[in-house]
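Trainee: The structure under discussion is supplied below as structure tokens; questions concerning it will follow.
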Amino acid sequence: MTTPEKGKGLAGVAGEPFAVELRGVTKRFGDVVAVDSLDLTVDENRFFALLGPSGCGKTTTLRMIGGFDEPTEGTIRLHGEDVTGRKPYARPVNTVFQSYALFPHLSIFENVAFGLRRQKVGDADVKRRVGETLELVQLTGMERRRPGQLSGGQQQRIALARALINHPKVLLLDEPLGALDLKLRKEMQIELKRIQNEVGITFIHVTHDQEEAMTMADSIAVMNAGHIERLGTPHEIYEDPQSSFVASFLGSSNLVEAAVVDLARGELAIGTRRVHVIPERVPAGAAQVKIGVRPEKLGVHSPGETTAVNTLMGTIADVSFIGVSTQYLVDTELGTSMAAVQQNTGGRRFSPGEQITLAWAPEHTFVVR
Amino acid sequence: MTDGTATRSAAAASAERRRRRVPYLLLLPGGLWLAFFYILPMLQLAGTSLKSGSFAGGYRFSWEFSNYGAGFSDFSAQFLRSIAYAGLATLITFVIAYPLAYFIAFRGGRYKNLLLVLVIMPFLFPFLLRTLAWKIILADDGFVVDTLKAIGLVSHNGRLLATGTAVVAGIAYNFLPFMTLPLYVSLEKIEPAMVEAAHDLYANPRTAFRKVTFPLSMPGVVAGTLLTLIPAAGDYVNAQLLGTPQQSMIGNVIQSRFLLVLDYPVAAALSFTLMLAILAMIIPYIRFTGTEDLVA
């Protein structure tokens with residue numbers, strides 16, 4: 001994933017055109033701006049997630065790539081080719097719909113073959129490719145059933161097969177796992193990832209489930225209110241979310257007001273304490289920022305028993321033991337509460353009322369405006 | 001303790017028995033209604049169709065199957081005309097109602113309910129009055145005939161009233177809501193994502209309609225055509241008010257046999273023949289259209 005400047009070239013890595021390229025794409029429904037002047041490029045052969053809360057514009061973005069909605073402004077290119085204004089049936093993309101939208105009056109075979117039939121592929125080829133695709137989604141032998149006779153998970157795989165059989169340049173997935181129960185959803189996450197690896201097609205996956213996005217995607221664009229808040233690998237955006245929206249949307253975090261003391265050395269002040277962060281993470285020109293630390297990155301120690309760079313004093317307010325880990329709620333010296341999660345690997349357990357020191361490393365600290 | 005458990009399980013068993021009776025109790029009113037107002041009259045009619053004798057001398061049950069043969073051979077013209085008129089009217093109704101229902105279902109937006117009320121509106125006026133109004137509309141000196149004459153669709157001394165055209169048009173008009181409503185219901189049920197999926201899979205609008213929208217609306221097509229065809233085949237009001245004896249349908253014959261000629265056995269035999277003819281037409285139709293797959 002790359003984030004070229006506005007107006008910069010149309011090529012991704014190695015001079016190849018991007019699989020998907022959106023330039024200044026805006027979608028207005030009446031007075032409502034669903035997508036606001038969006039620039040987005042997705043490289044070839046990526047598993048790309050559009051992540052965000054409902055109403056953030058992620059589904060509208062997907063629908064504009066698929067051709068179901070036309071952008072009010074801007075252009076959409078697929079593999080360098082401008083497809084803005086082209087109807088869905090004239091675009092080399094296929095979609096897995098949230099409701100699957102399998103055709104109830106057709107057999108599984110004819111559902112999967114639907115796209116090939118429209119492209120006038122010969123019977124022998126259709127038969128072979130349907131067989132291969134059903135094998136890919138592990139549903140061989142279901143050809144003669146009707147969609148209504150399949151379980152939710154099977155219908156999901158058929159929806160995927162029906163789209164993939166056409167070898168689209170880009171596969172669009174609109175909350176495809178939303179209707180499945182948790183266990184099946186976990187299975188399908190791994191399955192989707194495997195299939196994407198196998199077919200090597202760019203997947204653009206819309207979801208509001210941060211864990212799902214992190215599990216599957218190579219790159220994630222976190223969307224909010226019609227624009228992209230943060231774009232990067234799951235690791236990048238989790239460790240350095242850069243905005244409080246992204247920080248709170250992906251996992252939980254402790255956010256504290258801080259004043260910039262020394263930009264070059266990454267030194268900030270929280271209350272009377274000095275803390276250090278990676279200097280590049282401090283936005284230039286900001287005097288007042290917030291720093292964030294993920295609960296699992298906060299160490300809980302007896303006072304004086306840590307040599308960590310960043311520390312805060314506090315009192316244990318609440319302890320909850322949840323098997324793999326223990327969660328502490330700590331009243332800090334700043335007067336705020338912080339959450340800390342410790343793996344249960346034999347370390348000392350603390351009780352409510354105990355004085356402790358919270359400690360964390362500069363690289364585990366992120367800064368948001 | 002043991003006694004308490006036994007009492008409780010006995011109570012549970014009787015509650016279970018009551019629960020199992022509930023569906024039958026719910027069926028009872030409808031069942032009684034059908035038994036008294038449908039099955040009994042049918043049996044009586046079947047009995048009547050096999051009687052012989054005369055109105056003056058009284059009719060006696062005598063397994064008189066010849067009523068059927070006589071009825072059919074005497075009135076085969078009216079039978080064929082009924083089927084032709086009803087079939088034609090059903091076709092016309094379908095051609096008008098499908099686009100109408102499609103429009104209301106997919107483009108009606110917030111006017112959907114208003115448009116549906118407009119479709120049903122004619123029902124607020126009695127059937128007979130509506131048909132009489134058509135008699136005036138189609139009259140020889142009416143504006144419809146004048147207009148059609150002006151554009152040459154009706155010859156100079158031609159007319160509409162008292163022709164087969166008028167009867168078919170009247171039937172088509174009177175049964176339009178019966179066609180429109182089931183079509184609307186089945187079209188409205190189609191998820192927009194179904195059509196989007198078809199477009200996504202390279203079907204242009206025409207193919208998407210042919211391969212997805214229309215097949216998914218089949219339950220409505222079948223229900224609508226049956227709701228129109230069946231009563232239209234037995235209708236006599238349109239033929240009587242808008243046609244002449246040359247346009248009389250089997251409904252007119254049955255009506256006059258029952259009420260004017262008082263030849264009950266032949267009238268009953270004609271009724272049964274009509275019913276069997278309709279069944280013979282619609283059973284293969286339902287089989288062929290395969291709607292049971294869509295209902296499942």
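Chain labels follow the order of the structure tokens: the first chain is A, the next B, and so on; residue numbering restarts at 1 in every chain, and ligands are counted from 1 in their shown order.
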Counting only C-alpha atoms, what are the residues of chain B within 9 Å of chain A, and for each of them which pair of atoms is the nearest and at what distance in Å, to one decimal? Sort the table by chain and rising number, as JSON lines.
Mentor:
```
{"residue": "B:Glu191", "atom": "CA", "partner": "A:Ala101", "partner_atom": "CA", "distance": 7.7}
{"residue": "B:Pro192", "atom": "CA", "partner": "A:Ala101", "partner_atom": "CA", "distance": 8.9}
{"residue": "B:Ala193", "atom": "CA", "partner": "A:Ala101", "partner_atom": "CA", "distance": 5.8}
{"residue": "B:Met194", "atom": "CA", "partner": "A:Ala101", "partner_atom": "CA", "distance": 5.1}
{"residue": "B:Val195", "atom": "CA", "partner": "A:Ala101", "partner_atom": "CA", "distance": 8.6}
{"residue": "B:Glu196", "atom": "CA", "partner": "A:Phe68", "partner_atom": "CA", "distance": 7.3}
{"residue": "B:Ala197", "atom": "CA", "partner": "A:Ala101", "partner_atom": "CA", "distance": 6.5}
{"residue": "B:Ala198", "atom": "CA", "partner": "A:Phe114", "partner_atom": "CA", "distance": 8.1}
{"residue": "B:His199", "atom": "CA", "partner": "A:Tyr89", "partner_atom": "CA", "distance": 4.9}
{"residue": "B:Asp200", "atom": "CA", "partner": "A:Tyr89", "partner_atom": "CA", "distance": 5.3}
{"residue": "B:Leu201", "atom": "CA", "partner": "A:Gly115", "partner_atom": "CA", "distance": 4.5}
{"residue": "B:Tyr202", "atom": "CA", "partner": "A:Tyr89", "partner_atom": "CA", "distance": 3.9}
{"residue": "B:Ala203", "atom": "CA", "partner": "A:Tyr89", "partner_atom": "CA", "distance": 5.8}
{"residue": "B:Asn204", "atom": "CA", "partner": "A:Tyr89", "partner_atom": "CA", "distance": 6.1}
{"residue": "B:Pro205", "atom": "CA", "partner": "A:Tyr89", "partner_atom": "CA", "distance": 8.9}
{"residue": "B:Thr207", "atom": "CA", "partner": "A:Arg118", "partner_atom": "CA", "distance": 8.4}
{"residue": "B:Val212", "atom": "CA", "partner": "A:Phe103", "partner_atom": "CA", "distance": 7.2}
{"residue": "B:Pro215", "atom": "CA", "partner": "A:His105", "partner_atom": "CA", "distance": 7.2}
{"residue": "B:Leu216", "atom": "CA", "partner": "A:His105", "partner_atom": "CA", "distance": 6.9}
{"residue": "B:Asp293", "atom": "CA", "partner": "A:His105", "partner_atom": "CA", "distance": 7.0}
{"residue": "B:Leu294", "atom": "CA", "partner": "A:His105", "partner_atom": "CA", "distance": 6.2}
{"residue": "B:Ala296", "atom": "CA", "partner": "A:Gly148", "partner_atom": "CA", "distance": 8.0}
```
Trainee: Got a sec: who's within 10 Å of range 275-291 of chain A, counting only C-alpha atoms, leaving out chain neighbours fewer than 3 positions off, as a PyMOL selection string?
Mentor: chain A and resi 240-244+253-270+272+309-312+360-369
Trainee: Could the residues in this selection be written to a file with N, CA and C atoms, as a compact mmCIF listing (two decimals), in the first residue's frame?
Mentor:
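Here's the written file part.txt:
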```
# COMPACT_ATOMS: atom_id res chain seq x y z
N ASP A 240 0.62 2.93 16.05
CA ASP A 240 0.71 4.39 15.92
C ASP A 240 -0.54 4.92 15.22
N PRO A 241 -1.65 4.94 15.91
CA PRO A 241 -2.93 5.29 15.24
C PRO A 241 -3.01 6.74 14.75
N GLN A 242 -2.22 7.64 15.34
CA GLN A 242 -2.12 9.03 14.91
C GLN A 242 -3.37 9.88 15.12
N SER A 243 -4.52 9.26 15.43
CA SER A 243 -5.67 10.09 15.79
C SER A 243 -6.42 9.38 16.91
N SER A 244 -7.09 10.18 17.74
CA SER A 244 -7.77 9.56 18.88
C SER A 244 -8.92 8.70 18.39
N SER A 253 -7.32 2.08 24.50
CA SER A 253 -6.07 2.77 24.81
C SER A 253 -6.29 3.76 25.94
N ASN A 254 -5.21 4.06 26.64
CA ASN A 254 -5.24 5.09 27.67
C ASN A 254 -4.72 6.37 27.05
N LEU A 255 -5.55 7.40 27.04
CA LEU A 255 -5.14 8.67 26.43
C LEU A 255 -4.97 9.71 27.54
N VAL A 256 -3.86 10.44 27.48
CA VAL A 256 -3.56 11.45 28.50
C VAL A 256 -3.11 12.73 27.81
N GLU A 257 -3.56 13.87 28.32
CA GLU A 257 -3.13 15.17 27.81
C GLU A 257 -1.63 15.35 28.09
N ALA A 258 -0.91 15.89 27.12
CA ALA A 258 0.52 16.11 27.34
C ALA A 258 0.97 17.38 26.64
N ALA A 259 2.02 18.00 27.16
CA ALA A 259 2.58 19.21 26.54
C ALA A 259 3.93 18.86 25.94
N VAL A 260 4.17 19.39 24.75
CA VAL A 260 5.44 19.11 24.09
C VAL A 260 6.52 19.98 24.76
N VAL A 261 7.59 19.32 25.23
CA VAL A 261 8.67 20.06 25.88
C VAL A 261 9.83 20.19 24.92
N ASP A 262 10.25 19.08 24.37
CA ASP A 262 11.39 19.09 23.45
C ASP A 262 11.07 18.20 22.27
N LEU A 263 10.73 18.85 21.17
CA LEU A 263 10.27 18.11 19.99
C LEU A 263 11.36 17.17 19.47
N ALA A 264 12.61 17.68 19.40
CA ALA A 264 13.69 16.92 18.79
C ALA A 264 13.99 15.65 19.58
N ARG A 265 13.86 15.69 20.90
CA ARG A 265 14.18 14.53 21.72
C ARG A 265 12.93 13.73 22.07
N GLY A 266 11.81 14.19 21.62
CA GLY A 266 10.58 13.48 21.90
C GLY A 266 10.20 13.52 23.36
N GLU A 267 10.46 14.67 24.00
CA GLU A 267 10.17 14.79 25.43
C GLU A 267 8.87 15.56 25.64
N LEU A 268 7.99 14.98 26.43
CA LEU A 268 6.71 15.61 26.70
C LEU A 268 6.47 15.64 28.20
N ALA A 269 5.58 16.53 28.61
CA ALA A 269 5.25 16.62 30.04
C ALA A 269 3.80 16.22 30.25
N ILE A 270 3.59 15.26 31.20
CA ILE A 270 2.21 15.00 31.65
C ILE A 270 2.20 15.34 33.14
N THR A 272 3.53 16.84 36.18
CA THR A 272 4.89 17.24 36.52
C THR A 272 5.90 16.23 35.99
N VAL A 309 11.72 3.89 31.11
CA VAL A 309 11.89 5.31 30.82
C VAL A 309 10.68 6.11 31.30
N ASN A 310 9.47 5.57 31.00
CA ASN A 310 8.25 6.30 31.34
C ASN A 310 7.55 5.61 32.50
N THR A 311 7.27 6.38 33.55
CA THR A 311 6.55 5.80 34.69
C THR A 311 5.51 6.77 35.21
N LEU A 312 4.54 6.19 35.91
CA LEU A 312 3.52 6.97 36.60
C LEU A 312 3.19 6.23 37.89
N TRP A 360 6.17 2.08 30.98
CA TRP A 360 6.03 1.72 29.57
C TRP A 360 7.18 2.29 28.75
N ALA A 361 7.38 1.76 27.58
CA ALA A 361 8.52 2.13 26.75
C ALA A 361 8.12 3.24 25.77
N PRO A 362 9.07 4.07 25.34
CA PRO A 362 8.77 5.13 24.37
C PRO A 362 8.16 4.59 23.09
N GLU A 363 8.66 3.43 22.61
CA GLU A 363 8.13 2.91 21.34
C GLU A 363 6.70 2.39 21.48
N HIS A 364 6.24 2.23 22.70
CA HIS A 364 4.86 1.80 22.91
C HIS A 364 3.93 2.99 23.17
N THR A 365 4.44 4.16 22.93
CA THR A 365 3.66 5.37 23.18
C THR A 365 3.30 6.00 21.84
N PHE A 366 2.04 6.30 21.63
CA PHE A 366 1.67 7.02 20.41
C PHE A 366 1.15 8.40 20.75
N VAL A 367 1.18 9.25 19.77
CA VAL A 367 0.80 10.64 20.00
C VAL A 367 -0.33 11.00 19.05
N VAL A 368 -1.38 11.59 19.59
CA VAL A 368 -2.45 12.08 18.71
C VAL A 368 -2.70 13.53 19.04
N ARG A 369 -3.24 14.24 18.10
CA ARG A 369 -3.52 15.65 18.36
C ARG A 369 -4.71 15.80 19.28
```
Trainee: Within range 72-234 of chain A, find each residue whose DSSP state, derived from the backbone, is alpha helix (DSSP H), and express the selection as a PyMOL selection string.
Mentor: chain A and resi 108-118+123-136+152-164+182-199+210-216+234
Trainee: Can you pull out every residue within 9 Å of range 229-234 of chain A, counting only C-alpha atoms, but drop anything in the same chain fewer than 3 positions away, and send it as a PDB file with C-alpha atoms, in the first residue's frame?
Mentor:
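Written out: result.pdb:
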```pdb
ATOM      1  CA  MET A   1       0.000   0.000   0.000  1.00  0.00           C
ATOM      2  CA  THR A   2       1.262   3.413  -0.884  1.00  0.00           C
ATOM      3  CA  THR A   3      -0.110   6.853  -0.245  1.00  0.00           C
ATOM      4  CA  ALA A 213      -9.825  -6.301   9.479  1.00  0.00           C
ATOM      5  CA  MET A 214      -6.614  -6.864  11.439  1.00  0.00           C
ATOM      6  CA  THR A 215      -6.771 -10.643  11.063  1.00  0.00           C
ATOM      7  CA  ALA A 217      -5.960  -7.428   5.724  1.00  0.00           C
ATOM      8  CA  ASP A 218      -2.476  -6.513   4.505  1.00  0.00           C
ATOM      9  CA  SER A 219      -3.519  -2.881   4.638  1.00  0.00           C
ATOM     10  CA  ILE A 220      -6.347  -1.112   6.387  1.00  0.00           C
ATOM     11  CA  ALA A 221      -7.917   2.252   5.696  1.00  0.00           C
ATOM     12  CA  VAL A 222      -9.784   3.465   8.758  1.00  0.00           C
ATOM     13  CA  MET A 223     -12.637   5.679   7.620  1.00  0.00           C
ATOM     14  CA  ASN A 224     -14.589   8.228   9.580  1.00  0.00           C
ATOM     15  CA  ILE A 237      -2.136   1.633  12.631  1.00  0.00           C
ATOM     16  CA  TYR A 238      -2.469  -0.253  15.885  1.00  0.00           C
ATOM     17  CA  GLU A 239       0.912   0.841  17.236  1.00  0.00           C
ATOM     18  CA  PRO A 241      -2.932   5.292  15.242  1.00  0.00           C
ATOM     19  CA  GLN A 242      -2.123   9.035  14.906  1.00  0.00           C
ATOM     20  CA  SER A 243      -5.672  10.091  15.789  1.00  0.00           C
ATOM     21  CA  PHE A 245     -10.584   8.242  16.667  1.00  0.00           C
ATOM     22  CA  VAL A 246      -8.380   5.477  15.258  1.00  0.00           C
TER      23      VAL A 246
END
```
Trainee: Give me, as a ChimeraX atom specification, all polymer residues having an atom no more than 12 Å from Asn157 in chain B, counting only C-alpha atoms and skipping those fewer than 5 positions away in the same chain.
Mentor: /B:140-141,145-146,148-150,152
Trainee: Could you save those same residues with N, CA, C and O atoms as a PDB file, in the first residue's frame?
Mentor:
```pdb
ATOM      1  N   ASP B 140     -72.055   4.108 -28.808  1.00  0.00           N
ATOM      2  CA  ASP B 140     -71.804   4.445 -30.214  1.00  0.00           C
ATOM      3  C   ASP B 140     -71.521   5.929 -30.436  1.00  0.00           C
ATOM      4  O   ASP B 140     -70.750   6.299 -31.303  1.00  0.00           O
ATOM      5  N   ASP B 141     -72.159   6.788 -29.616  1.00  0.00           N
ATOM      6  CA  ASP B 141     -71.925   8.229 -29.789  1.00  0.00           C
ATOM      7  C   ASP B 141     -70.972   8.766 -28.727  1.00  0.00           C
ATOM      8  O   ASP B 141     -70.871   9.963 -28.534  1.00  0.00           O
ATOM      9  N   VAL B 145     -65.437   6.026 -29.077  1.00  0.00           N
ATOM     10  CA  VAL B 145     -65.698   5.580 -30.449  1.00  0.00           C
ATOM     11  C   VAL B 145     -65.373   6.699 -31.429  1.00  0.00           C
ATOM     12  O   VAL B 145     -64.732   6.468 -32.461  1.00  0.00           O
ATOM     13  N   ASP B 146     -65.777   7.943 -31.063  1.00  0.00           N
ATOM     14  CA  ASP B 146     -65.493   9.096 -31.935  1.00  0.00           C
ATOM     15  C   ASP B 146     -63.997   9.234 -32.177  1.00  0.00           C
ATOM     16  O   ASP B 146     -63.548   9.422 -33.306  1.00  0.00           O
ATOM     17  N   LEU B 148     -61.612   6.966 -31.787  1.00  0.00           N
ATOM     18  CA  LEU B 148     -61.066   5.847 -32.550  1.00  0.00           C
ATOM     19  C   LEU B 148     -61.444   5.948 -34.022  1.00  0.00           C
ATOM     20  O   LEU B 148     -60.672   5.571 -34.900  1.00  0.00           O
ATOM     21  N   LYS B 149     -62.619   6.463 -34.259  1.00  0.00           N
ATOM     22  CA  LYS B 149     -63.035   6.665 -35.656  1.00  0.00           C
ATOM     23  C   LYS B 149     -62.156   7.720 -36.307  1.00  0.00           C
ATOM     24  O   LYS B 149     -61.692   7.560 -37.444  1.00  0.00           O
ATOM     25  N   ALA B 150     -61.889   8.793 -35.545  1.00  0.00           N
ATOM     26  CA  ALA B 150     -61.085   9.897 -36.081  1.00  0.00           C
ATOM     27  C   ALA B 150     -59.685   9.430 -36.475  1.00  0.00           C
ATOM     28  O   ALA B 150     -59.131   9.850 -37.479  1.00  0.00           O
ATOM     29  N   GLY B 152     -58.996   6.383 -37.226  1.00  0.00           N
ATOM     30  CA  GLY B 152     -59.120   5.289 -38.182  1.00  0.00           C
ATOM     31  C   GLY B 152     -59.010   3.896 -37.591  1.00  0.00           C
ATOM     32  O   GLY B 152     -58.853   2.927 -38.327  1.00  0.00           O
TER      33      GLY B 152
END
```
Trainee: Based on the backbone DSSP call, show me all residues of range 53-294 of chain B assigned strand (DSSP E or B), as a ChimeraX atom specification.
Mentor: /B:53-54,58-61
Trainee: So which one's closest to Leu276 in chain B, B:Ser186, B:Phe175, B:Asp235, B:Tyr68? Using only C-alpha atoms, please.
Mentor: B:Tyr68
Trainee: Provide the CA of Ile286 in chain B to CA of Thr225 in chain B distance in Å, to one decimal place.
Mentor: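 Rounded to one decimal, the two atoms are 10.7 Å apart.
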Trainee: Go through A:Gln196, A:Thr41, A:Thr26, A:Thr332 and flag the residue nearest Ala317 in chain A, using only C-alpha atoms for the distances.
Mentor: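 Of the candidates, the smallest distance to Ala317 in chain A is held by A:Thr332.
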Trainee: List the neighbours of Val25 in chain A out to 12 Å using only C-alpha atoms; skip same-chain residues closer than 4 positions along the sequence, and give me the result as an NGL selection string.
Mentor: :A and (6 or 21 or 33-41 or 57 or 60-62 or 64-65 or 69-77 or 84 or 226-228)
